[in-house]
>>> print(open('query.pdb').read())   # PDB, C-alpha atoms
ATOM      1  CA  ARG R 150       4.828 -16.015  -5.751
ATOM      2  CA  THR R 151       5.205 -19.640  -6.676
ATOM      3  CA  ASP R 152       2.565 -21.977  -8.056
ATOM      4  CA  CYS R 153       2.203 -25.284  -6.218
ATOM      5  CA  SER R 154       2.982 -27.243  -9.372
ATOM      6  CA  SER R 155       6.477 -25.782  -9.471
ATOM      7  CA  LEU R 156       6.970 -26.269  -5.756
ATOM      8  CA  ILE R 157       7.067 -30.003  -6.190
ATOM      9  CA  THR R 158      10.715 -30.143  -7.295
ATOM     10  CA  SER R 159      11.939 -26.558  -6.923
ATOM     11  CA  ARG R 160      14.408 -25.292  -4.306
ATOM     12  CA  GLU R 161      13.688 -21.644  -5.001
ATOM     13  CA  LEU R 162      11.525 -21.428  -1.919
ATOM     14  CA  PHE R 163      14.495 -22.131   0.243
ATOM     15  CA  GLU R 164      16.894 -19.740  -1.410
ATOM     16  CA  ALA R 165      14.779 -16.972   0.062
ATOM     17  CA  GLN R 166      15.637 -18.246   3.514
ATOM     18  CA  THR R 167      18.929 -16.769   4.643
ATOM     19  CA  MET R 168      20.429 -19.861   6.216
ATOM     20  CA  SER R 169      24.137 -19.982   6.734
ATOM     21  CA  ALA R 170      26.124 -22.919   5.354
ATOM     22  CA  ILE R 171      26.404 -24.322   8.877
ATOM     23  CA  GLU R 172      22.640 -24.142   9.427
ATOM     24  CA  ARG R 173      22.005 -25.849   6.091
ATOM     25  CA  ALA R 174      24.451 -28.613   6.912
ATOM     26  CA  ALA R 175      22.917 -29.135  10.347
ATOM     27  CA  ARG R 176      19.452 -29.332   8.841
ATOM     28  CA  THR R 177      20.571 -31.863   6.244
ATOM     29  CA  LEU R 178      22.169 -34.050   8.918
ATOM     30  CA  ALA R 179      18.999 -33.896  10.980
ATOM     31  CA  LEU R 180      16.950 -34.953   7.956
ATOM     32  CA  LEU R 181      19.240 -37.875   7.203
ATOM     33  CA  SER R 182      19.039 -38.969  10.824
ATOM     34  CA  CYS R 183      15.238 -38.772  10.773
ATOM     35  CA  ALA R 184      15.019 -40.681   7.509
ATOM     36  CA  ALA R 185      17.243 -43.460   8.835
ATOM     37  CA  SER R 186      14.907 -44.065  11.766
ATOM     38  CA  VAL R 187      11.663 -44.243   9.748
ATOM     39  CA  ALA R 188      10.013 -47.635   9.451
ATOM     40  CA  ASP R 189       9.445 -48.772   5.875
ATOM     41  CA  ALA R 190       6.315 -50.773   6.531
ATOM     42  CA  LEU R 191       2.957 -49.018   6.130
ATOM     43  CA  SER R 192      -0.099 -49.731   8.232
ATOM     44  CA  ALA R 193      -2.148 -52.702   7.079
ATOM     45  CA  SER R 194      -5.304 -51.018   8.427
ATOM     46  CA  ALA R 195      -5.064 -48.323   5.744
ATOM     47  CA  GLY R 196      -4.259 -50.827   3.020
ATOM     48  CA  GLY R 197      -0.712 -49.480   2.606
ATOM     49  CA  ARG R 198      -2.005 -45.959   1.965
ATOM     50  CA  LYS R 199      -0.933 -42.695   3.556
ATOM     51  CA  VAL R 200      -2.951 -42.029   6.699
ATOM     52  CA  VAL R 201      -4.265 -38.450   6.657
ATOM     53  CA  LEU R 202      -6.021 -37.308   9.844
ATOM     54  CA  VAL R 203      -8.398 -34.364   9.344
ATOM     55  CA  THR R 204      -9.954 -32.573  12.326
ATOM     56  CA  GLY R 205     -13.340 -30.894  12.083
ATOM     57  CA  ALA R 206     -14.083 -33.083   9.083
ATOM     58  CA  ASN R 207     -17.831 -33.624   9.382
ATOM     59  CA  ARG R 208     -18.653 -30.538   7.284
ATOM     60  CA  GLY R 209     -17.342 -27.552   5.362
ATOM     61  CA  ILE R 210     -13.674 -27.307   4.435
ATOM     62  CA  GLY R 211     -12.707 -30.325   6.523
ATOM     63  CA  ARG R 212     -15.111 -32.644   4.736
ATOM     64  CA  GLU R 213     -13.993 -31.361   1.336
ATOM     65  CA  ILE R 214     -10.340 -31.929   2.251
ATOM     66  CA  ALA R 215     -11.240 -35.483   3.279
ATOM     67  CA  ARG R 216     -13.102 -35.937  -0.003
ATOM     68  CA  ARG R 217     -10.080 -34.965  -2.102
ATOM     69  CA  VAL R 218      -7.603 -36.922   0.018
ATOM     70  CA  GLY R 219      -9.717 -40.077   0.043
ATOM     71  CA  TYR R 220     -10.054 -39.978  -3.737
ATOM     72  CA  GLU R 221      -6.278 -40.480  -4.116
ATOM     73  CA  ARG R 222      -5.396 -44.142  -4.563
ATOM     74  CA  ASP R 223      -2.402 -43.917  -2.213
ATOM     75  CA  SER R 224      -4.179 -41.987   0.580
ATOM     76  CA  PHE R 225      -6.631 -42.837   3.339
ATOM     77  CA  ALA R 226      -8.743 -40.071   4.939
ATOM     78  CA  LEU R 227      -9.400 -40.413   8.659
ATOM     79  CA  LEU R 228     -12.190 -38.017   9.645
ATOM     80  CA  SER R 229     -12.446 -36.714  13.185
ATOM     81  CA  CYS R 230     -15.047 -34.483  14.805
ATOM     82  CA  ARG R 231     -16.918 -33.803  18.057
ATOM     83  CA  ASP R 232     -20.280 -35.256  16.987
ATOM     84  CA  LEU R 233     -19.990 -38.858  15.817
ATOM     85  CA  ASP R 234     -23.518 -38.862  14.380
ATOM     86  CA  LEU R 235     -22.660 -35.937  12.099
ATOM     87  CA  GLY R 236     -19.339 -37.583  11.313
ATOM     88  CA  GLY R 237     -21.093 -40.782  10.298
ATOM     89  CA  GLU R 238     -23.413 -38.825   8.013
ATOM     90  CA  ALA R 239     -20.383 -37.154   6.417
ATOM     91  CA  VAL R 240     -18.683 -40.496   5.755
ATOM     92  CA  ASP R 241     -21.891 -41.916   4.275
ATOM     93  CA  ASP R 242     -22.134 -38.892   1.977
ATOM     94  CA  LEU R 243     -18.502 -39.198   0.884
ATOM     95  CA  ARG R 244     -18.871 -42.883   0.087
ATOM     96  CA  ARG R 245     -22.075 -42.251  -1.834
ATOM     97  CA  THR R 246     -20.902 -39.249  -3.871
ATOM     98  CA  THR R 247     -17.171 -39.849  -4.367
ATOM     99  CA  PRO R 248     -16.075 -42.821  -6.500
ATOM    100  CA  ARG R 249     -13.421 -45.122  -4.951
ATOM    101  CA  TRP R 250     -13.246 -42.965  -1.818
ATOM    102  CA  ASN R 251     -10.918 -44.399   0.833
ATOM    103  CA  GLY R 252     -11.532 -43.381   4.412
ATOM    104  CA  GLU R 253     -13.430 -43.813   7.624
ATOM    105  CA  LEU R 254     -14.646 -41.972  10.721
ATOM    106  CA  LEU R 255     -12.435 -41.981  13.796
ATOM    107  CA  PRO R 256     -14.913 -43.599  16.217
ATOM    108  CA  ARG R 257     -13.939 -41.438  19.177
ATOM    109  CA  PRO R 258     -15.110 -37.830  19.593
ATOM    110  CA  LEU R 259     -12.288 -35.334  19.130
ATOM    111  CA  ASP R 260     -13.151 -32.020  20.786
ATOM    112  CA  LEU R 261     -10.444 -29.336  20.774
ATOM    113  CA  ASP R 262     -11.790 -28.036  24.081
ATOM    114  CA  ASP R 263     -11.558 -31.436  25.784
ATOM    115  CA  ARG R 264      -8.054 -32.773  26.405
ATOM    116  CA  GLU R 265      -9.306 -36.190  27.470
ATOM    117  CA  SER R 266     -11.209 -36.613  24.205
ATOM    118  CA  ILE R 267      -8.040 -35.696  22.301
ATOM    119  CA  ARG R 268      -6.004 -38.226  24.275
ATOM    120  CA  GLN R 269      -8.485 -41.039  23.675
ATOM    121  CA  ALA R 270      -8.870 -40.232  19.989
ATOM    122  CA  ILE R 271      -5.147 -40.175  19.236
ATOM    123  CA  GLU R 272      -4.554 -43.323  21.291
ATOM    124  CA  TRP R 273      -7.164 -45.048  19.113
ATOM    125  CA  VAL R 274      -5.337 -43.877  15.985
ATOM    126  CA  GLU R 275      -2.069 -45.230  17.344
ATOM    127  CA  HIS R 276      -3.629 -48.575  18.195
ATOM    128  CA  GLU R 277      -5.370 -48.973  14.831
ATOM    129  CA  TYR R 278      -2.865 -47.406  12.421
ATOM    130  CA  GLY R 279       0.427 -47.059  14.267
ATOM    131  CA  ARG R 280       1.299 -43.805  12.564
ATOM    132  CA  VAL R 281      -0.033 -40.622  10.940
ATOM    133  CA  ASP R 282       1.440 -39.447   7.634
ATOM    134  CA  ALA R 283      -0.334 -36.094   7.534
ATOM    135  CA  LEU R 284      -2.212 -34.149  10.185
ATOM    136  CA  ILE R 285      -4.591 -31.465   8.948
ATOM    137  CA  ASN R 286      -5.597 -29.171  11.793
ATOM    138  CA  ASN R 287      -8.834 -27.779  10.414
ATOM    139  CA  ALA R 288     -11.231 -27.697  13.394
ATOM    140  CA  ALA R 289     -11.898 -24.263  14.890
ATOM    141  CA  VAL R 290     -14.544 -21.999  16.378
ATOM    142  CA  ARG R 291     -15.322 -18.499  15.137
ATOM    143  CA  PHE R 292     -17.678 -16.033  16.801
ATOM    144  CA  SER R 293     -18.873 -14.325  13.637
ATOM    145  CA  SER R 294     -21.951 -13.852  15.801
ATOM    146  CA  PRO R 295     -21.824 -13.546  19.640
ATOM    147  CA  THR R 296     -24.277 -16.462  19.766
ATOM    148  CA  LEU R 297     -22.770 -18.479  16.883
ATOM    149  CA  TYR R 298     -25.979 -17.704  14.995
ATOM    150  CA  GLY R 299     -28.218 -18.870  17.800
ATOM    151  CA  ARG R 300     -26.338 -22.036  18.767
ATOM    152  CA  VAL R 301     -24.996 -20.764  22.125
ATOM    153  CA  GLU R 302     -25.806 -18.055  24.667
ATOM    154  CA  HIS R 303     -24.480 -14.547  23.974
ATOM    155  CA  LYS R 304     -20.731 -14.353  24.696
ATOM    156  CA  THR R 305     -18.905 -11.151  25.547
ATOM    157  CA  PHE R 306     -15.575 -10.351  23.870
ATOM    158  CA  GLU R 307     -13.765 -11.430  27.034
ATOM    159  CA  GLU R 308     -15.584 -14.783  27.022
ATOM    160  CA  GLN R 309     -14.969 -15.202  23.300
ATOM    161  CA  ALA R 310     -11.244 -14.599  23.820
ATOM    162  CA  ASP R 311     -10.960 -17.418  26.344
ATOM    163  CA  ILE R 312     -13.067 -19.910  24.358
ATOM    164  CA  THR R 313     -11.408 -19.109  21.030
ATOM    165  CA  MET R 314      -7.800 -19.328  22.245
ATOM    166  CA  ARG R 315      -8.551 -22.449  24.279
ATOM    167  CA  THR R 316     -10.061 -24.136  21.231
ATOM    168  CA  ASN R 317      -8.270 -22.841  18.157
ATOM    169  CA  TYR R 318      -4.761 -22.437  19.521
ATOM    170  CA  PHE R 319      -4.360 -24.607  22.616
ATOM    171  CA  GLY R 320      -6.624 -27.378  21.298
ATOM    172  CA  THR R 321      -4.753 -27.458  17.994
ATOM    173  CA  LEU R 322      -1.470 -27.544  19.904
ATOM    174  CA  GLU R 323      -2.669 -30.467  22.044
ATOM    175  CA  VAL R 324      -3.720 -32.498  18.992
ATOM    176  CA  THR R 325      -0.411 -31.755  17.291
ATOM    177  CA  GLU R 326       1.730 -32.703  20.271
ATOM    178  CA  ARG R 327      -0.226 -35.942  20.731
ATOM    179  CA  CYS R 328       0.309 -36.765  17.050
ATOM    180  CA  LEU R 329       4.016 -35.944  16.872
ATOM    181  CA  PRO R 330       5.194 -39.455  17.886
ATOM    182  CA  LEU R 331       2.893 -40.962  15.228
ATOM    183  CA  LEU R 332       4.080 -38.500  12.590
ATOM    184  CA  GLU R 333       7.690 -39.377  13.354
ATOM    185  CA  ARG R 334       6.951 -42.941  12.197
ATOM    186  CA  SER R 335       5.994 -41.739   8.712
ATOM    187  CA  PRO R 336       8.395 -41.725   5.750
ATOM    188  CA  SER R 337       7.096 -38.271   4.792
ATOM    189  CA  PRO R 338       5.465 -36.604   7.807
ATOM    190  CA  ARG R 339       3.592 -33.364   7.384
ATOM    191  CA  ILE R 340       1.368 -30.995   9.344
ATOM    192  CA  ILE R 341      -1.039 -28.657   7.565
ATOM    193  CA  ASN R 342      -2.610 -25.967   9.743
ATOM    194  CA  VAL R 343      -5.708 -24.317   8.316
ATOM    195  CA  ALA R 344      -5.360 -20.619   9.122
ATOM    196  CA  SER R 345      -6.896 -17.406   7.764
ATOM    197  CA  ARG R 346      -6.198 -13.941   6.433
ATOM    198  CA  ALA R 347      -7.697 -12.833   9.757
ATOM    199  CA  GLY R 348      -4.399 -13.961  11.335
ATOM    200  CA  ARG R 349      -2.138 -11.676   9.262
ATOM    201  CA  LEU R 350       0.610  -9.823  11.108
ATOM    202  CA  GLY R 351      -0.991  -6.442  10.453
ATOM    203  CA  ILE R 352      -3.686  -7.005  13.081
ATOM    204  CA  LEU R 353      -1.024  -6.474  15.767
ATOM    205  CA  ARG R 354      -0.771  -2.785  16.708
ATOM    206  CA  SER R 355       2.536  -3.027  18.552
ATOM    207  CA  ARG R 356       6.031  -3.370  17.115
ATOM    208  CA  GLU R 357       6.992  -5.234  20.269
ATOM    209  CA  LEU R 358       4.298  -7.843  19.668
ATOM    210  CA  VAL R 359       5.203  -8.211  15.989
ATOM    211  CA  ASP R 360       8.834  -8.793  16.952
ATOM    212  CA  ALA R 361       7.819 -11.327  19.603
ATOM    213  CA  PHE R 362       5.645 -13.396  17.263
ATOM    214  CA  THR R 363       8.152 -13.351  14.393
ATOM    215  CA  SER R 364      11.273 -13.989  16.464
ATOM    216  CA  GLU R 365      13.424 -16.891  15.272
ATOM    217  CA  ALA R 366      14.015 -17.659  18.952
ATOM    218  CA  LEU R 367      10.308 -18.107  19.720
ATOM    219  CA  THR R 368       9.450 -21.465  21.278
ATOM    220  CA  VAL R 369       6.135 -23.239  21.811
ATOM    221  CA  PRO R 370       6.056 -22.347  25.550
ATOM    222  CA  GLY R 371       6.897 -18.744  24.707
ATOM    223  CA  LEU R 372       4.167 -18.594  22.079
ATOM    224  CA  SER R 373       1.643 -20.125  24.464
ATOM    225  CA  SER R 374       2.528 -17.463  27.031
ATOM    226  CA  LEU R 375       1.809 -14.765  24.463
ATOM    227  CA  MET R 376      -1.587 -16.301  23.695
ATOM    228  CA  ASP R 377      -2.363 -16.388  27.427
ATOM    229  CA  GLU R 378      -1.407 -12.717  27.651
ATOM    230  CA  PHE R 379      -3.983 -11.825  25.008
ATOM    231  CA  VAL R 380      -6.739 -13.587  26.979
ATOM    232  CA  ARG R 381      -5.625 -11.945  30.229
ATOM    233  CA  ASP R 382      -5.427  -8.460  28.705
ATOM    234  CA  ALA R 383      -8.831  -8.925  27.058
ATOM    235  CA  ARG R 384     -10.271  -9.836  30.447
ATOM    236  CA  ASP R 385      -8.516  -7.098  32.418
ATOM    237  CA  GLY R 386      -9.089  -4.274  29.955
ATOM    238  CA  GLY R 387      -5.493  -3.837  28.806
ATOM    239  CA  ARG R 388      -5.963  -5.123  25.256
ATOM    240  CA  ARG R 389      -5.798  -1.793  23.408
ATOM    241  CA  GLN R 390      -2.878  -0.441  25.399
ATOM    242  CA  ARG R 391      -0.804  -3.548  24.623
ATOM    243  CA  GLY R 392      -1.593  -3.377  20.912
ATOM    244  CA  TRP R 393      -3.685  -6.541  20.719
ATOM    245  CA  PRO R 394      -6.332  -6.747  17.964
ATOM    246  CA  ALA R 395     -10.091  -6.572  18.409
ATOM    247  CA  THR R 396     -10.547 -10.023  16.860
ATOM    248  CA  CYS R 397     -10.389 -13.231  18.856
ATOM    249  CA  TYR R 398     -10.548 -15.453  15.793
ATOM    250  CA  GLY R 399      -7.828 -13.448  14.039
ATOM    251  CA  MET R 400      -5.636 -13.639  17.117
ATOM    252  CA  SER R 401      -6.106 -17.408  17.367
ATOM    253  CA  LYS R 402      -5.161 -17.868  13.712
ATOM    254  CA  LEU R 403      -2.150 -15.581  14.093
ATOM    255  CA  GLY R 404      -1.088 -17.928  16.876
ATOM    256  CA  VAL R 405      -1.602 -20.952  14.605
ATOM    257  CA  ILE R 406       0.574 -19.399  11.885
ATOM    258  CA  ALA R 407       3.268 -18.607  14.448
ATOM    259  CA  LEU R 408       3.012 -22.171  15.774
ATOM    260  CA  THR R 409       3.538 -23.464  12.239
ATOM    261  CA  ARG R 410       6.812 -21.566  11.951
ATOM    262  CA  VAL R 411       8.031 -22.717  15.362
ATOM    263  CA  LEU R 412       7.213 -26.378  14.669
ATOM    264  CA  ALA R 413       8.955 -26.191  11.295
ATOM    265  CA  ARG R 414      12.145 -25.066  13.032
ATOM    266  CA  GLU R 415      11.899 -27.582  15.846
ATOM    267  CA  HIS R 416      11.080 -30.560  13.585
ATOM    268  CA  PRO R 417      13.239 -30.202  10.462
ATOM    269  CA  CYS R 418      12.318 -33.658   9.149
ATOM    270  CA  MET R 419       8.656 -32.696   8.945
ATOM    271  CA  MET R 420       6.862 -30.569   6.376
ATOM    272  CA  VAL R 421       4.872 -28.058   8.459
ATOM    273  CA  ASN R 422       2.888 -25.354   6.698
ATOM    274  CA  SER R 423      -0.182 -23.169   7.214
ATOM    275  CA  VAL R 424      -2.907 -22.471   4.663
ATOM    276  CA  ASP R 425      -5.457 -19.716   4.190
ATOM    277  CA  PRO R 426      -8.403 -21.399   2.388
ATOM    278  CA  GLY R 427     -10.093 -18.071   1.666
ATOM    279  CA  ARG R 428     -13.415 -16.852   3.027
ATOM    280  CA  CYS R 429     -15.391 -19.993   2.352
ATOM    281  CA  ARG R 430     -19.124 -20.502   2.681
ATOM    282  CA  THR R 431     -19.386 -22.532   5.878
ATOM    283  CA  ASP R 432     -21.397 -22.677   9.093
ATOM    284  CA  GLN R 433     -18.807 -20.375  10.684
ATOM    285  CA  ASN R 434     -20.078 -17.404   8.659
ATOM    286  CA  ASP R 435     -23.658 -18.603   8.185
ATOM    287  CA  ASN R 436     -22.703 -19.685   4.643
ATOM    288  CA  ARG R 437     -22.067 -16.109   3.495
ATOM    289  CA  GLY R 438     -18.517 -16.478   2.200
ATOM    290  CA  PRO R 439     -17.669 -15.946  -1.489
ATOM    291  CA  VAL R 440     -15.518 -19.095  -1.828
ATOM    292  CA  ASN R 441     -16.852 -22.620  -2.208
ATOM    293  CA  ALA R 442     -15.573 -24.976   0.512
ATOM    294  CA  ALA R 443     -14.360 -27.414  -2.149
ATOM    295  CA  ASP R 444     -12.132 -24.689  -3.618
ATOM    296  CA  GLY R 445     -10.839 -23.734  -0.170
ATOM    297  CA  ALA R 446      -9.917 -27.381   0.437
ATOM    298  CA  TYR R 447      -7.730 -27.644  -2.652
ATOM    299  CA  THR R 448      -4.457 -26.174  -1.334
ATOM    300  CA  PRO R 449      -4.526 -28.108   1.979
ATOM    301  CA  TYR R 450      -5.142 -31.252  -0.052
ATOM    302  CA  LEU R 451      -2.229 -30.456  -2.394
ATOM    303  CA  LEU R 452       0.116 -30.165   0.570
ATOM    304  CA  THR R 453      -0.700 -33.754   1.549
ATOM    305  CA  GLN R 454       0.256 -35.009  -1.909
ATOM    306  CA  MET R 455       3.180 -32.968  -3.229
ATOM    307  CA  GLU R 456       6.868 -33.709  -2.827
ATOM    308  CA  ARG R 457       8.390 -32.326   0.345
ATOM    309  CA  GLY R 458      10.999 -30.190  -1.421
ATOM    310  CA  ASP R 459      14.447 -30.771  -2.839
ATOM    311  CA  GLU R 460      15.227 -34.307  -1.735
ATOM    312  CA  ALA R 461      18.735 -34.150  -3.240
ATOM    313  CA  SER R 462      19.782 -31.384  -0.855
ATOM    314  CA  GLY R 463      17.676 -32.640   2.036
ATOM    315  CA  GLU R 464      15.756 -29.374   2.267
ATOM    316  CA  VAL R 465      12.067 -29.567   3.145
ATOM    317  CA  MET R 466       9.417 -27.115   2.006
ATOM    318  CA  SER R 467       8.343 -26.081   5.488
ATOM    319  CA  GLY R 468       7.456 -23.115   7.660
ATOM    320  CA  LEU R 469       5.531 -21.421   4.837
ATOM    321  CA  HIS R 470       2.073 -19.858   4.580
ATOM    322  CA  PHE R 471      -0.082 -20.631   1.536
ATOM    323  CA  TYR R 472      -3.042 -19.064  -0.204
ATOM    324  CA  ASP R 473      -4.568 -20.157  -3.501
ATOM    325  CA  GLN R 474      -1.793 -22.726  -4.213
ATOM    326  CA  GLN R 475       1.029 -20.220  -3.647
ATOM    327  CA  ASP R 476       3.221 -19.327  -0.711
ATOM    328  CA  ILE R 477       2.674 -15.767   0.473
ATOM    329  CA  PRO R 478       4.171 -13.528   3.167
ATOM    330  CA  TRP R 479       2.527 -13.455   6.581
ATOM    331  CA  THR R 480       1.979  -9.734   6.074
ATOM    332  CA  TYR R 481      -0.235 -10.445   3.042
ATOM    333  CA  GLU R 482       1.691  -7.727   1.181
ATOM    334  CA  PHE R 483       2.124  -9.205  -2.280
TER     335      PHE R 483
END
>>> encode(input="query.pdb", output="structure tokens")
Amino acid sequence: RTDCSSLITSRELFEAQTMSAIERAARTLALLSCAASVADALSASAGGRKVVLVTGANRGIGREIARRVGYERDSFALLSCRDLDLGGEAVDDLRRTTPRWNGELLPRPLDLDDRESIRQAIEWVEHEYGRVDALINNAAVRFSSPTLYGRVEHKTFEEQADITMRTNYFGTLEVTERCLPLLERSPSPRIINVASRAGRLGILRSRELVDAFTSEALTVPGLSSLMDEFVRDARDGGRRQRGWPATCYGMSKLGVIALTRVLAREHPCMMVNSVDPGRCRTDQNDNRGPVNAADGAYTPYLLTQMERGDEASGEVMSGLHFYDQQDIPWTYEF
């Protein structure tokens, strides 16, 4: 296990990856090509600071990530959420309680279950800022209660499966794909996906499924097909026979971790990692978690600030899963 402070300049993370010399050379060439095409000028709208877009930022972990990011002199936190009134209250609170906080509310609703809202929100970001330096995919839904503690009508497991995958996996994917062109304009692009221990590999009860999700040949379309299969099997009654877990939230976060690994392979000039913030006290669990949201926000925040890896070799610290400032195996066996 490696502490984040040593990750800033260390290449030890990458020695664990069994790349051949040819693969390393190809990755380095791709990085050099990406770097050559990056514009040097930073957006005037953010005052020359790094633009960090945080989804689900009106409360909980998302707001605390935005607080830490906006406190950095070279960073600008762009908060997004579904409810602009709640988002405005969050921004007012951050400005009132955090000295020299730099940030603002994205004035378009961003709902992971509404593709049109995602399109309009990201188009606004492009028009106003021209680029995104870091995307933090934090927004998610979790049925800790079948009624979300009284906020919605009772949902069956089958209904939860559809809503949760549509929001947490496919919504996150849509936001990410919309942001990719803006990230490519950054000198140091990065994607941080907020995941969970609930998405550990051990929830899969089939060797075939484990192999499918961990395959180095897995693509985004292939992964999306697997997520659709979970929803279909949950609806049709074949979930147990296939080896799927009895957790919709866990399955959605397993998909997010898998997506992180796929994106890291497909975009070698980007730093793409997932983070488990711990079981934080948030609205998702009726504020019953043992971890303070501010503590859970710390590692995602660090990943927006730290060096990308070993710049001399061109290797990027990417495709990893973090917990408590350290990279850990997806199996959680450490």
>>> closest_residue(input="query.pdb", among="R:Leu408, R:Leu452, R:Leu243, R:Ala195", to="Glu213 of chain R", atoms="all atoms listed in the file")
R:Leu243
>>> residues_around(input="query.pdb", residues="segment 323-333 of chain R", least_positions_apart="5", cutoff="7 Å", atoms="all atoms listed in the file", output="PyMOL selection string")
chain R and resi 267+271+275+279-282+338
>>> residues_around(input="query.pdb", residues="Asn422 of chain R", least_positions_apart="2", cutoff="7 Å", atoms="all atoms listed in the file", output="list in words")
Ile340, Ile341, Asn342, Thr409, Met420, Val424, Ser467, Gly468, Leu469 and His470 of chain R
>>> residues_around(input="query.pdb", residues="Thr453 of chain R", least_positions_apart="2", cutoff="8 Å", atoms="all atoms listed in the file", output="list of chain:residue names")
R:Val201, R:Val218, R:Ala283, R:Arg339, R:Ile341, R:Pro449, R:Tyr450, R:Leu451, R:Met455
>>> resolve_selection(input="query.pdb", expression="the PyMOL selection byres ((chain R and resi 317) around 12)", output="PyMOL selection string")
chain R and resi 204-205+260-263+286-292+309-316+318-325+342-345+348+376+397-406+408
>>> atom_distance(input="query.pdb", atom1="atom CA of Leu233 of chain R", atom2="atom CA of Gly197 of chain R")
25.7 Å
>>> residues_around(input="query.pdb", residues="Arg257 of chain R", least_positions_apart="3", cutoff="12 Å", atoms="only C-alpha atoms", output="list in words")
Thr204, Leu227, Leu228, Ser229, Cys230, Arg231, Asp232, Leu233, Asp234, Gly236, Gly237, Glu253, Leu254, Asp260, Glu265, Ser266, Ile267, Arg268, Gln269, Ala270, Ile271, Glu272, Trp273 and Val274 of chain R
>>> resolve_selection(input="query.pdb", expression="the PyMOL selection byres ((chain R and resi 378) around 12)", output="ChimeraX atom specification")
/R:310-311,314,358,371-377,379-388,391-393,400,404
>>> atom_distance(input="query.pdb", atom1="atom CA of Tyr481 of chain R", atom2="atom CA of Arg349 of chain R")
6.6 Å
>>> resolve_selection(input="query.pdb", expression="the PyMOL selection byres ((chain R and resi 350) around 7)", output="PyMOL selection string")
chain R and resi 348-349+351-353+359+479-480
>>> atom_distance(input="query.pdb", atom1="atom CA of Ala407 of chain R", atom2="atom CA of Phe483 of chain R")
19.2 Å
